[in-house]
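Dumped run32.tsv below, it's TSV, C-alpha atoms:
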```
chain	number	residue	atom	x	y	z
A	26	MET	CA	-35.54	-27.50	-8.62
A	27	SER	CA	-33.95	-24.07	-8.28
A	28	GLU	CA	-33.22	-22.63	-4.87
A	29	PRO	CA	-35.25	-19.60	-3.73
A	30	ILE	CA	-33.55	-16.26	-4.19
A	31	LEU	CA	-32.23	-14.71	-0.98
A	32	ARG	CA	-33.78	-11.32	-0.20
A	33	LEU	CA	-31.34	-8.52	0.66
A	34	GLY	CA	-31.80	-5.36	2.68
A	35	MET	CA	-29.14	-2.66	2.37
A	36	ILE	CA	-28.07	-0.38	5.23
A	37	GLY	CA	-26.45	2.73	3.79
A	38	GLY	CA	-25.74	3.26	0.11
A	39	GLY	CA	-27.85	6.39	-0.27
A	40	PRO	CA	-27.62	9.10	-2.95
A	41	GLY	CA	-24.00	9.77	-3.92
A	42	SER	CA	-22.70	6.50	-2.50
A	43	PHE	CA	-19.94	4.74	-4.44
A	44	ILE	CA	-20.06	1.40	-2.67
A	45	GLY	CA	-23.85	0.96	-2.40
A	46	PRO	CA	-24.42	0.38	-6.13
A	47	ILE	CA	-21.34	-1.87	-6.21
A	48	HIS	CA	-22.86	-4.06	-3.50
A	49	ARG	CA	-26.16	-4.18	-5.38
A	50	MET	CA	-24.53	-5.19	-8.69
A	51	ALA	CA	-22.28	-7.76	-7.03
A	52	ALA	CA	-25.05	-9.29	-4.92
A	53	GLU	CA	-27.37	-9.72	-7.89
A	54	LEU	CA	-24.83	-10.81	-10.52
A	55	ASP	CA	-25.38	-14.55	-10.07
A	56	GLY	CA	-29.14	-14.43	-9.59
A	57	ARG	CA	-28.94	-15.89	-6.09
A	58	ILE	CA	-29.63	-12.66	-4.16
A	59	ARG	CA	-31.95	-9.73	-4.88
A	60	LEU	CA	-32.07	-6.29	-3.26
A	61	VAL	CA	-35.66	-5.79	-2.06
A	62	ALA	CA	-35.41	-3.29	0.81
A	63	GLY	CA	-33.13	-0.76	2.39
A	64	ALA	CA	-32.44	1.89	4.98
A	65	PHE	CA	-30.30	3.85	2.57
A	66	SER	CA	-30.02	7.05	4.62
A	67	SER	CA	-30.94	8.35	8.05
A	68	ASP	CA	-32.87	11.04	6.17
A	69	ALA	CA	-36.24	9.52	5.22
A	70	GLU	CA	-36.54	11.46	1.96
A	71	ARG	CA	-33.02	10.56	0.84
A	72	SER	CA	-33.72	6.93	1.69
A	73	ARG	CA	-36.88	7.10	-0.42
A	74	LEU	CA	-34.99	8.63	-3.34
A	75	ALA	CA	-32.30	5.97	-3.11
A	76	GLY	CA	-34.92	3.24	-3.04
A	77	ALA	CA	-36.50	4.66	-6.19
A	78	GLY	CA	-33.08	4.69	-7.82
A	79	TYR	CA	-32.57	1.04	-6.94
A	80	GLY	CA	-36.05	0.21	-8.26
A	81	ILE	CA	-37.47	-1.26	-5.05
A	82	ASP	CA	-40.99	-0.96	-3.64
A	83	PRO	CA	-41.29	2.55	-2.10
A	84	ALA	CA	-42.84	0.99	1.01
A	85	ARG	CA	-39.58	-0.89	1.60
A	86	ALA	CA	-37.30	2.16	1.67
A	87	TYR	CA	-36.99	2.81	5.40
A	88	PRO	CA	-35.74	5.77	7.49
A	89	SER	CA	-33.55	3.57	9.74
A	90	HIS	CA	-32.15	0.08	9.84
A	91	GLN	CA	-34.14	-0.60	13.00
A	92	ALA	CA	-37.37	0.27	11.18
A	93	MET	CA	-36.38	-1.95	8.27
A	94	ILE	CA	-35.57	-4.95	10.46
A	95	GLU	CA	-38.80	-4.63	12.43
A	96	ALA	CA	-41.04	-4.16	9.38
A	97	GLU	CA	-39.37	-6.87	7.31
A	98	ARG	CA	-39.67	-9.33	10.20
A	99	LEU	CA	-43.45	-9.11	9.87
A	100	ARG	CA	-43.53	-9.77	6.14
A	101	ALA	CA	-43.90	-13.24	4.64
A	102	ASP	CA	-41.38	-12.14	2.02
A	103	GLY	CA	-39.08	-10.35	4.47
A	104	ILE	CA	-35.34	-9.98	4.02
A	105	ASP	CA	-32.93	-12.85	4.70
A	106	LEU	CA	-29.70	-10.86	4.96
A	107	VAL	CA	-28.38	-7.32	5.14
A	108	ALA	CA	-25.48	-5.55	3.48
A	109	ILE	CA	-23.93	-2.87	5.69
A	110	VAL	CA	-22.32	-0.18	3.54
A	111	THR	CA	-22.19	2.72	6.00
A	112	PRO	CA	-19.30	4.66	7.54
A	113	ASN	CA	-17.37	2.59	10.08
A	114	HIS	CA	-19.07	3.80	13.27
A	115	LEU	CA	-22.35	2.18	12.23
A	116	HIS	CA	-20.94	-1.23	11.31
A	117	VAL	CA	-21.26	-2.87	14.70
A	118	PRO	CA	-24.61	-1.36	15.81
A	119	ALA	CA	-26.23	-2.38	12.53
A	120	SER	CA	-24.58	-5.82	12.61
A	121	LEU	CA	-25.77	-6.47	16.16
A	122	ASP	CA	-29.36	-5.50	15.41
A	123	ALA	CA	-29.41	-7.69	12.31
A	124	LEU	CA	-27.79	-10.71	13.97
A	125	ASN	CA	-30.06	-10.47	16.98
A	126	ALA	CA	-32.99	-10.60	14.55
A	127	GLY	CA	-31.57	-13.80	13.05
A	128	LEU	CA	-30.46	-12.14	9.79
A	129	HIS	CA	-27.23	-12.84	7.96
A	130	VAL	CA	-24.76	-9.96	7.63
A	131	MET	CA	-22.40	-8.89	4.86
A	132	CYS	CA	-20.43	-5.94	6.25
A	133	ASP	CA	-17.90	-3.54	4.79
A	134	LYS	CA	-14.46	-3.34	6.39
A	135	PRO	CA	-13.09	-2.47	8.85
A	136	ALA	CA	-15.58	-4.44	10.88
A	137	ALA	CA	-15.67	-2.13	13.92
A	138	LEU	CA	-14.30	1.00	15.57
A	139	SER	CA	-12.16	-0.97	18.02
A	140	LEU	CA	-10.91	-4.46	18.76
A	141	ALA	CA	-13.00	-4.59	21.96
A	142	GLN	CA	-16.09	-3.74	19.95
A	143	MET	CA	-15.27	-6.44	17.42
A	144	GLN	CA	-14.69	-9.00	20.16
A	145	GLY	CA	-18.16	-8.25	21.50
A	146	LEU	CA	-19.61	-8.67	18.02
A	147	ALA	CA	-17.79	-11.97	17.59
A	148	GLY	CA	-19.51	-13.29	20.71
A	149	VAL	CA	-22.90	-12.37	19.28
A	150	VAL	CA	-22.09	-14.01	15.94
A	151	ALA	CA	-21.17	-17.22	17.75
A	152	GLY	CA	-24.61	-17.37	19.34
A	153	SER	CA	-26.68	-16.11	16.42
A	154	LYS	CA	-28.57	-17.97	13.72
A	155	GLY	CA	-27.15	-15.44	11.29
A	156	LEU	CA	-23.81	-15.80	9.49
A	157	TYR	CA	-21.34	-12.93	9.22
A	158	ALA	CA	-19.05	-12.10	6.28
A	159	LEU	CA	-16.70	-9.19	5.64
A	160	THR	CA	-16.11	-7.59	2.24
A	161	HIS	CA	-12.38	-7.94	1.78
A	162	THR	CA	-13.11	-7.72	-1.91
A	163	TYR	CA	-9.65	-8.51	-3.25
A	164	THR	CA	-9.87	-12.07	-1.93
A	165	GLY	CA	-12.54	-12.64	-4.58
A	166	TYR	CA	-10.20	-12.26	-7.55
A	167	PRO	CA	-9.54	-15.62	-9.24
A	168	LEU	CA	-5.78	-15.08	-9.45
A	169	VAL	CA	-5.57	-14.10	-5.77
A	170	ARG	CA	-7.18	-17.42	-4.96
A	171	ASP	CA	-4.74	-19.15	-7.28
A	172	ALA	CA	-1.82	-17.34	-5.61
A	173	ARG	CA	-3.07	-18.56	-2.23
A	174	ALA	CA	-3.25	-22.12	-3.50
A	175	LEU	CA	0.23	-21.91	-5.09
A	176	VAL	CA	1.79	-20.77	-1.82
A	177	ALA	CA	-0.01	-23.50	0.13
A	178	SER	CA	1.13	-26.13	-2.38
A	179	GLY	CA	4.80	-25.24	-1.83
A	180	ARG	CA	5.28	-23.99	-5.39
A	181	LEU	CA	7.37	-21.06	-4.12
A	182	GLY	CA	9.32	-23.19	-1.67
A	183	ARG	CA	9.66	-22.04	1.92
A	184	LEU	CA	8.41	-18.49	2.49
A	185	ARG	CA	11.11	-15.83	2.81
A	186	LYS	CA	9.45	-12.44	2.37
A	187	VAL	CA	6.06	-10.80	1.82
A	188	VAL	CA	5.73	-7.29	0.37
A	189	VAL	CA	2.34	-5.60	0.02
A	190	GLU	CA	1.51	-2.03	-0.93
A	191	TYR	CA	-1.66	-0.04	-1.39
A	192	SER	CA	-1.04	3.37	-2.86
A	193	GLN	CA	-3.61	6.08	-3.58
A	194	GLY	CA	-3.33	9.82	-4.07
A	195	TRP	CA	-6.87	11.10	-3.71
A	196	LEU	CA	-6.31	12.55	-0.20
A	197	SER	CA	-3.15	14.45	-1.16
A	198	THR	CA	-4.99	17.67	-0.32
A	199	ALA	CA	-7.42	18.52	2.49
A	200	LEU	CA	-10.38	17.25	0.50
A	201	GLU	CA	-12.36	16.85	3.71
A	202	ALA	CA	-12.41	20.65	4.08
A	203	THR	CA	-14.24	21.03	0.75
A	204	GLY	CA	-17.38	19.22	1.88
A	205	SER	CA	-16.50	15.85	0.34
A	206	LYS	CA	-18.59	13.28	2.19
A	207	GLN	CA	-16.27	10.39	1.30
A	208	ALA	CA	-13.20	12.26	2.59
A	209	GLY	CA	-15.06	13.73	5.55
A	210	TRP	CA	-16.00	10.56	7.40
A	211	ARG	CA	-12.73	8.81	6.55
A	212	THR	CA	-10.73	11.55	8.29
A	213	ASP	CA	-13.02	11.91	11.32
A	214	PRO	CA	-12.01	9.71	14.31
A	215	ALA	CA	-15.60	9.63	15.57
A	216	LEU	CA	-16.80	8.07	12.33
A	217	SER	CA	-13.75	6.16	11.16
A	218	GLY	CA	-12.06	5.01	14.37
A	219	ALA	CA	-8.43	5.34	15.43
A	220	GLY	CA	-7.07	4.62	11.96
A	221	GLY	CA	-7.28	6.73	8.83
A	222	CYS	CA	-5.41	5.35	5.86
A	223	ILE	CA	-4.50	2.24	7.84
A	224	GLY	CA	-8.15	1.47	8.53
A	225	ASP	CA	-9.42	2.38	5.08
A	226	ILE	CA	-6.90	0.64	2.80
A	227	GLY	CA	-4.05	-0.58	5.02
A	228	VAL	CA	-6.32	-3.25	6.48
A	229	HIS	CA	-7.06	-4.45	2.93
A	230	ALA	CA	-3.33	-4.86	2.28
A	231	PHE	CA	-2.89	-6.66	5.59
A	232	ASN	CA	-5.77	-9.04	4.89
A	233	LEU	CA	-4.51	-9.79	1.38
A	234	ALA	CA	-0.99	-10.56	2.66
A	235	GLU	CA	-2.23	-12.98	5.33
A	236	TYR	CA	-4.77	-14.53	2.95
A	237	VAL	CA	-2.21	-15.39	0.27
A	238	ALA	CA	0.78	-16.13	2.52
A	239	GLY	CA	-1.29	-18.50	4.64
A	240	ALA	CA	0.56	-17.33	7.74
A	241	PRO	CA	-0.55	-14.79	10.37
A	242	VAL	CA	1.43	-11.68	11.24
A	243	ARG	CA	2.75	-12.16	14.78
A	244	GLU	CA	4.49	-8.78	15.31
A	245	LEU	CA	4.92	-5.42	13.65
A	246	CYS	CA	6.81	-2.14	13.80
A	247	ALA	CA	4.79	0.80	12.49
A	248	ASP	CA	5.45	4.36	11.34
A	249	LEU	CA	2.16	6.16	10.66
A	250	SER	CA	2.21	9.77	9.50
A	251	ILE	CA	-0.16	12.69	8.95
A	252	MET	CA	1.19	14.53	5.93
A	253	VAL	CA	-1.67	16.95	5.19
A	254	PRO	CA	-1.65	19.79	7.77
A	255	GLY	CA	-4.68	19.82	10.06
A	256	ARG	CA	-5.71	16.25	9.33
A	257	ARG	CA	-6.56	14.21	12.44
A	258	LEU	CA	-5.90	10.67	11.21
A	259	ASP	CA	-2.95	9.04	9.46
A	260	ASP	CA	-2.73	9.32	5.68
A	261	ASP	CA	0.55	7.44	5.15
A	262	CYS	CA	1.69	4.13	6.67
A	263	ASN	CA	4.97	2.23	6.59
A	264	ILE	CA	5.02	-1.00	8.58
A	265	LEU	CA	7.51	-3.83	9.06
A	266	LEU	CA	5.85	-7.21	9.58
A	267	ARG	CA	6.95	-10.58	10.88
A	268	PHE	CA	4.84	-13.55	9.76
A	269	ASP	CA	4.56	-16.68	11.87
A	270	ASP	CA	5.76	-19.70	9.88
A	271	GLY	CA	6.34	-21.86	12.94
A	272	THR	CA	10.01	-20.91	13.28
A	273	ALA	CA	11.63	-18.64	15.83
A	274	GLN	CA	12.82	-16.26	13.13
A	275	GLY	CA	9.54	-15.98	11.23
A	276	VAL	CA	9.10	-14.48	7.77
A	277	PRO	CA	9.86	-10.77	7.27
A	278	GLY	CA	7.39	-8.54	5.48
A	279	VAL	CA	6.74	-4.94	4.52
A	280	LEU	CA	3.41	-3.13	4.25
A	281	HIS	CA	3.15	0.30	2.66
A	282	ALA	CA	-0.19	2.12	2.45
A	283	SER	CA	-0.68	5.72	1.45
A	284	GLN	CA	-3.48	8.05	0.39
A	285	ILE	CA	-1.17	10.99	-0.29
A	286	ALA	CA	0.85	9.34	-3.09
A	287	ALA	CA	0.08	12.05	-5.63
A	288	GLY	CA	-1.13	10.64	-8.93
A	289	ASP	CA	-1.62	7.07	-7.74
A	290	ARG	CA	-5.08	5.59	-8.21
A	291	ASN	CA	-5.71	2.22	-6.61
A	292	GLY	CA	-2.27	0.66	-6.52
A	293	LEU	CA	-2.71	-2.53	-4.54
A	294	ARG	CA	0.16	-4.93	-5.25
A	295	LEU	CA	1.32	-8.11	-3.54
A	296	ARG	CA	4.63	-9.94	-3.91
A	297	VAL	CA	5.45	-13.16	-2.08
A	298	PHE	CA	8.94	-14.67	-2.23
A	299	GLY	CA	10.03	-18.19	-1.36
A	300	THR	CA	13.21	-20.20	-1.64
A	301	GLU	CA	12.29	-21.39	-5.17
A	302	ALA	CA	10.21	-18.61	-6.74
A	303	GLY	CA	8.31	-15.38	-6.20
A	304	LEU	CA	4.84	-14.30	-7.28
A	305	ASP	CA	3.58	-10.85	-8.23
A	306	TRP	CA	-0.05	-9.65	-8.52
A	307	SER	CA	-1.45	-6.15	-9.00
A	308	GLN	CA	-5.09	-5.14	-8.56
A	309	GLU	CA	-4.89	-2.67	-11.44
A	310	VAL	CA	-3.89	-5.56	-13.75
A	311	PRO	CA	-5.87	-8.30	-11.97
A	312	ASN	CA	-6.00	-10.87	-14.74
A	313	ILE	CA	-2.27	-11.63	-14.69
A	314	LEU	CA	-0.27	-13.45	-12.02
A	315	THR	CA	3.48	-13.63	-12.56
A	316	ILE	CA	5.71	-16.33	-11.10
A	317	ASN	CA	9.45	-15.67	-11.31
A	318	GLY	CA	11.60	-18.75	-10.73
A	319	LEU	CA	15.00	-18.87	-9.10
A	320	ASP	CA	16.25	-20.46	-12.32
A	321	GLY	CA	15.46	-17.31	-14.28
A	322	ARG	CA	12.30	-18.52	-15.93
A	323	THR	CA	9.09	-16.50	-15.74
A	324	GLU	CA	5.60	-17.98	-15.94
A	325	VAL	CA	2.62	-15.72	-16.59
A	326	LEU	CA	-0.77	-17.05	-15.52
A	327	HIS	CA	-3.91	-15.57	-17.06
A	328	ALA	CA	-7.37	-15.46	-15.53
A	329	GLY	CA	-9.63	-18.05	-17.09
A	330	ALA	CA	-6.78	-20.24	-18.34
A	331	GLY	CA	-7.03	-23.99	-18.06
A	332	ASN	CA	-3.88	-24.37	-16.00
A	333	LEU	CA	-5.28	-22.61	-12.94
A	334	GLY	CA	-6.19	-24.47	-9.78
A	335	PRO	CA	-9.75	-25.38	-8.72
A	336	ALA	CA	-10.18	-22.36	-6.39
A	337	ALA	CA	-9.37	-19.96	-9.23
A	338	ARG	CA	-11.51	-21.83	-11.75
A	339	ALA	CA	-14.48	-21.76	-9.37
A	340	ALA	CA	-14.13	-17.97	-9.11
A	341	THR	CA	-13.79	-17.44	-12.88
A	342	ARG	CA	-16.77	-16.37	-14.96
A	343	LEU	CA	-15.33	-15.73	-18.44
A	344	PRO	CA	-12.99	-17.47	-20.88
A	345	THR	CA	-9.36	-16.39	-20.77
A	346	GLY	CA	-8.71	-13.10	-22.52
A	347	HIS	CA	-12.04	-11.65	-21.41
A	348	PRO	CA	-11.16	-9.33	-18.51
A	349	GLU	CA	-12.86	-9.74	-15.18
A	350	GLY	CA	-12.58	-7.06	-12.52
A	351	TYR	CA	-13.72	-5.51	-9.28
A	352	ILE	CA	-17.46	-6.18	-9.49
A	353	GLU	CA	-16.90	-9.82	-10.43
A	354	ALA	CA	-14.49	-10.25	-7.50
A	355	PHE	CA	-17.04	-8.62	-5.21
A	356	ALA	CA	-19.73	-10.91	-6.63
A	357	ASN	CA	-17.63	-13.96	-5.79
A	358	LEU	CA	-17.89	-13.01	-2.12
A	359	TYR	CA	-21.66	-12.72	-2.39
A	360	ARG	CA	-21.88	-16.02	-4.28
A	361	ASP	CA	-19.76	-17.70	-1.61
A	362	PHE	CA	-21.89	-16.15	1.13
A	363	ALA	CA	-25.11	-17.34	-0.52
A	364	ALA	CA	-23.64	-20.84	-0.61
A	365	ALA	CA	-22.65	-20.58	3.05
A	366	ILE	CA	-26.16	-19.49	3.98
A	367	ARG	CA	-27.58	-22.48	2.13
A	368	ALA	CA	-25.10	-24.76	3.91
A	369	GLY	CA	-25.73	-23.17	7.30
A	370	ALA	CA	-22.04	-22.47	7.99
A	371	MET	CA	-19.12	-20.39	6.77
A	372	PRO	CA	-16.49	-22.31	4.74
A	373	ALA	CA	-14.03	-24.02	7.08
A	374	ASP	CA	-10.98	-23.15	4.95
A	375	GLY	CA	-11.28	-19.40	5.58
A	376	SER	CA	-11.68	-18.65	1.87
A	377	LEU	CA	-14.57	-16.26	2.66
A	378	PRO	CA	-13.52	-13.53	5.14
A	379	GLY	CA	-15.63	-13.54	8.27
A	380	VAL	CA	-15.35	-12.93	12.00
A	381	ASP	CA	-11.72	-14.00	12.20
A	382	ALA	CA	-10.76	-11.56	9.45
A	383	GLY	CA	-12.59	-8.82	11.36
A	384	LEU	CA	-10.75	-9.62	14.57
A	385	ARG	CA	-7.39	-9.80	12.78
A	386	GLY	CA	-8.04	-6.51	11.01
A	387	MET	CA	-8.98	-4.61	14.16
A	388	ALA	CA	-6.00	-6.05	16.06
A	389	PHE	CA	-3.74	-4.92	13.21
A	390	ILE	CA	-5.14	-1.37	13.18
A	391	GLU	CA	-5.01	-0.88	16.96
A	392	THR	CA	-1.57	-2.43	17.38
A	393	ALA	CA	-0.08	-0.38	14.54
A	394	VAL	CA	-1.59	2.90	15.76
A	395	ALA	CA	-0.43	2.35	19.35
A	396	ASN	CA	2.99	1.12	18.22
A	397	SER	CA	3.55	4.15	16.01
A	398	GLN	CA	2.39	6.64	18.63
A	399	ALA	CA	4.70	5.14	21.27
A	400	ARG	CA	7.62	4.55	18.87
A	401	ALA	CA	7.69	1.18	20.59
A	402	GLY	CA	9.80	-0.85	18.18
A	403	TRP	CA	8.38	-4.32	17.64
A	404	SER	CA	4.93	-5.07	19.12
A	405	ARG	CA	3.16	-8.40	19.36
A	406	LEU	CA	-0.03	-8.67	17.30
A	407	VAL	CA	-2.63	-10.47	19.39
A	408	ARG	CA	-6.41	-10.58	19.40
```
Take the structure in the file and write it out as structure tokens.
Amino acid sequence: MSEPILRLGMIGGGPGSFIGPIHRMAAELDGRIRLVAGAFSSDAERSRLAGAGYGIDPARAYPSHQAMIEAERLRADGIDLVAIVTPNHLHVPASLDALNAGLHVMCDKPAALSLAQMQGLAGVVAGSKGLYALTHTYTGYPLVRDARALVASGRLGRLRKVVVEYSQGWLSTALEATGSKQAGWRTDPALSGAGGCIGDIGVHAFNLAEYVAGAPVRELCADLSIMVPGRRLDDDCNILLRFDDGTAQGVPGVLHASQIAAGDRNGLRLRVFGTEAGLDWSQEVPNILTINGLDGRTEVLHAGAGNLGPAARAATRLPTGHPEGYIEAFANLYRDFAAAIRAGAMPADGSLPGVDAGLRGMAFIETAVANSQARAGWSRLVR
């Protein structure tokens, strides 16, 4: 007997949204979740138009998330979970209202405007019937999951260095001054929080590095810059990291994130080096994972191949040679979350980012911003 489809309500994702349609496609790809309602905009007419575009019942396109939660609570076929795809300042208020109503939450990153705010949310999650997941999308790629498993297995030997970069060029000019909504909220501290580039893409790089390395960052030394005149939040980040491997020395690392790297598109790349080998993965070529051995031999792993580990195979949808990409990786998070909802608990191995990833991310952003402003040298990363 098939399991009932989970009913999804979206918060945000109105006309002109990039990420709203991505969430919808990813959530519905496996047939386990269906978008049935939404508060797509704070403007009632725009929310109605978005609902029509998504093909949902006009009566279920609401002017606010509060109205959606209240109305759906009274329906026999009401929503089971929400996807929060708004600017950052609305992440926690919408999450709290949904969790307090017993709904499950899939939220875009960063999880909050501040670490204190995220800590408060974590307390609510702990006492709620609802589960909470965070869309660190890149953890959904099959070869990222294989890289994580390879590091954990000792294939690289003892960790020696982690290098992660996320390079974009779309904010090389003052795009926010032209009326661009996407640039506008990302460069506004009231809507984005204390971090600009570091909160938008730097936190993705940070999460990916910890996820694959299997070791938390324990301290950092940050240099955050504003390169476009008049901009209020950082648009370029260069950070030294020290990962905790249980030794006094730790494992050195480097994180580079930039949105003013003219000409770059979405250049997320991770390299992890051990005493025996190093691995190399790039989001723009996501179906290849390269392992370079100390003995000079290179092994190239392909998505969908039979020699991948169980975590990668479980996240693979197509035979090798058939490219899988961003939406499929995103869909893996939704598929994992649907399974967690059925099981009544998040996976214990941390394979699906949740509250802990939110806390780690906010601690990273706040520590790096404060460290850079104070030119403080090395700062401990705690949450």
Kindly assemble as JSON lines a list of the stretch 40-74 of chain A residues that lie within 12 Å of stretch 203-206 of chain A, each paired with its nearest atom pair and their distance in Å to one decimal, using all atoms listed in the file, sorted first by chain and then by ascending residue number.
```
{"residue": "A:Pro40", "atom": "CA", "partner": "A:Lys206", "partner_atom": "CA", "distance": 11.2}
{"residue": "A:Gly41", "atom": "CA", "partner": "A:Lys206", "partner_atom": "CA", "distance": 8.9}
{"residue": "A:Ser42", "atom": "CA", "partner": "A:Lys206", "partner_atom": "CA", "distance": 9.2}
{"residue": "A:Phe43", "atom": "CA", "partner": "A:Lys206", "partner_atom": "CA", "distance": 10.9}
```
Output C-alpha atoms of each residue in that selection to a file, as an mmCIF file, in the frame of the given file.
```cif
data_model
loop_
_atom_site.group_PDB
_atom_site.id
_atom_site.type_symbol
_atom_site.label_atom_id
_atom_site.label_comp_id
_atom_site.auth_asym_id
_atom_site.auth_seq_id
_atom_site.Cartn_x
_atom_site.Cartn_y
_atom_site.Cartn_z
ATOM 1 C CA PRO A 40 -27.620 9.100 -2.950
ATOM 2 C CA GLY A 41 -24.000 9.770 -3.920
ATOM 3 C CA SER A 42 -22.700 6.500 -2.500
ATOM 4 C CA PHE A 43 -19.940 4.740 -4.440
#
```
Of the residues A:His114, A:Leu140, A:Ser153, A:Val407, which is the one nearest to A:Ala126, using all atoms listed in the file? A:Ser153
Interface rows for stretch 124-198 of chain A against stretch 85-105 of chain A: nearest pair, Å to one decimal, 12 Å, only C-alpha atoms, as JSON lines:
```
{"residue": "A:Leu124", "atom": "CA", "partner": "A:Ile94", "partner_atom": "CA", "distance": 10.3}
{"residue": "A:Asn125", "atom": "CA", "partner": "A:Ile94", "partner_atom": "CA", "distance": 10.2}
{"residue": "A:Ala126", "atom": "CA", "partner": "A:Ile94", "partner_atom": "CA", "distance": 7.4}
{"residue": "A:Gly127", "atom": "CA", "partner": "A:Asp105", "partner_atom": "CA", "distance": 8.5}
{"residue": "A:Leu128", "atom": "CA", "partner": "A:Asp105", "partner_atom": "CA", "distance": 5.7}
{"residue": "A:His129", "atom": "CA", "partner": "A:Asp105", "partner_atom": "CA", "distance": 6.6}
{"residue": "A:Val130", "atom": "CA", "partner": "A:Asp105", "partner_atom": "CA", "distance": 9.1}
{"residue": "A:Met131", "atom": "CA", "partner": "A:Asp105", "partner_atom": "CA", "distance": 11.3}
{"residue": "A:Lys154", "atom": "CA", "partner": "A:Asp105", "partner_atom": "CA", "distance": 11.3}
{"residue": "A:Gly155", "atom": "CA", "partner": "A:Asp105", "partner_atom": "CA", "distance": 9.1}
{"residue": "A:Leu156", "atom": "CA", "partner": "A:Asp105", "partner_atom": "CA", "distance": 10.7}
```
A:Pro112, A:Pro135, A:Pro277, A:Gly78: which is nearest A:Thr162, counting all atoms listed in the file?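 Answer, going by the shortest atom-to-atom distance: A:Pro135.
Between atom CA of A:Gly379 and atom CA of A:Leu233 lies a distance of 13.6 Å.
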If you measure from atom CA of A:Ile251 to atom CA of A:Leu280, what distance in Å do you get, rounded to one decimal?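 That distance, rounded to one decimal, is 16.9 Å.
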Please check which residues have atoms at most 10 Å from (-3.3, 2.5, -1.0) in the file's coordinates, counting all atoms listed in the file, and write them as a PyMOL selection string. chain A and resi 189-195+222-223+225-230+260-262+281-286+289-294
Can you work out the spacing between atom CA of A:Gly34 and atom CA of A:Leu146 in Å, to one decimal?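 It comes out at 19.9 Å.
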My list of candidates is A:Leu377, A:Leu245, A:Met252, A:Leu333. Which is closest to A:Phe268 when distances are computed with all atoms listed in the file? A:Leu245
For A:Ser139: contacts at 8 Å, all atoms listed in the file, fewer than 6 positions along chain excluded, given as an mmCIF file with C-alpha atoms, in the coordinates of the input:
```cif
data_model
loop_
_atom_site.group_PDB
_atom_site.id
_atom_site.type_symbol
_atom_site.label_atom_id
_atom_site.label_comp_id
_atom_site.auth_asym_id
_atom_site.auth_seq_id
_atom_site.Cartn_x
_atom_site.Cartn_y
_atom_site.Cartn_z
ATOM 1 C CA GLY A 218 -12.060 5.010 14.370
ATOM 2 C CA ALA A 219 -8.430 5.340 15.430
ATOM 3 C CA MET A 387 -8.980 -4.610 14.160
ATOM 4 C CA GLU A 391 -5.010 -0.880 16.960
#
```
Your completed stretch 128-139 of chain A with N, CA and C atoms, as a PDB file, in the frame of the given file:
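See selection07.pdb below for the written result:
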```pdb
ATOM      1  N   LEU A 128     -30.821 -12.410  11.181  1.00  0.00           N
ATOM      2  CA  LEU A 128     -30.460 -12.140   9.790  1.00  0.00           C
ATOM      3  C   LEU A 128     -28.969 -12.393   9.567  1.00  0.00           C
ATOM      4  N   HIS A 129     -28.624 -12.713   8.356  1.00  0.00           N
ATOM      5  CA  HIS A 129     -27.230 -12.840   7.960  1.00  0.00           C
ATOM      6  C   HIS A 129     -26.679 -11.461   7.617  1.00  0.00           C
ATOM      7  N   VAL A 130     -25.373 -11.286   7.796  1.00  0.00           N
ATOM      8  CA  VAL A 130     -24.760  -9.960   7.630  1.00  0.00           C
ATOM      9  C   VAL A 130     -23.564 -10.027   6.703  1.00  0.00           C
ATOM     10  N   MET A 131     -23.579  -9.156   5.684  1.00  0.00           N
ATOM     11  CA  MET A 131     -22.400  -8.890   4.860  1.00  0.00           C
ATOM     12  C   MET A 131     -22.005  -7.444   5.150  1.00  0.00           C
ATOM     13  N   CYS A 132     -20.822  -7.259   5.754  1.00  0.00           N
ATOM     14  CA  CYS A 132     -20.430  -5.940   6.250  1.00  0.00           C
ATOM     15  C   CYS A 132     -19.161  -5.447   5.560  1.00  0.00           C
ATOM     16  N   ASP A 133     -19.127  -4.147   5.290  1.00  0.00           N
ATOM     17  CA  ASP A 133     -17.900  -3.540   4.790  1.00  0.00           C
ATOM     18  C   ASP A 133     -16.842  -3.520   5.883  1.00  0.00           C
ATOM     19  N   LYS A 134     -15.573  -3.421   5.457  1.00  0.00           N
ATOM     20  CA  LYS A 134     -14.460  -3.340   6.390  1.00  0.00           C
ATOM     21  C   LYS A 134     -14.107  -1.882   6.638  1.00  0.00           C
ATOM     22  N   PRO A 135     -13.382  -1.572   7.731  1.00  0.00           N
ATOM     23  CA  PRO A 135     -13.090  -2.470   8.850  1.00  0.00           C
ATOM     24  C   PRO A 135     -14.372  -2.792   9.609  1.00  0.00           C
ATOM     25  N   ALA A 136     -14.351  -3.916  10.304  1.00  0.00           N
ATOM     26  CA  ALA A 136     -15.580  -4.440  10.880  1.00  0.00           C
ATOM     27  C   ALA A 136     -16.123  -3.601  12.026  1.00  0.00           C
ATOM     28  N   ALA A 137     -15.264  -2.817  12.693  1.00  0.00           N
ATOM     29  CA  ALA A 137     -15.670  -2.130  13.920  1.00  0.00           C
ATOM     30  C   ALA A 137     -14.831  -0.876  14.113  1.00  0.00           C
ATOM     31  N   LEU A 138     -15.113  -0.158  15.200  1.00  0.00           N
ATOM     32  CA  LEU A 138     -14.300   1.000  15.570  1.00  0.00           C
ATOM     33  C   LEU A 138     -13.128   0.617  16.450  1.00  0.00           C
ATOM     34  N   SER A 139     -13.218  -0.542  17.103  1.00  0.00           N
ATOM     35  CA  SER A 139     -12.160  -0.970  18.020  1.00  0.00           C
ATOM     36  C   SER A 139     -12.131  -2.485  18.098  1.00  0.00           C
TER      37      SER A 139
END
```
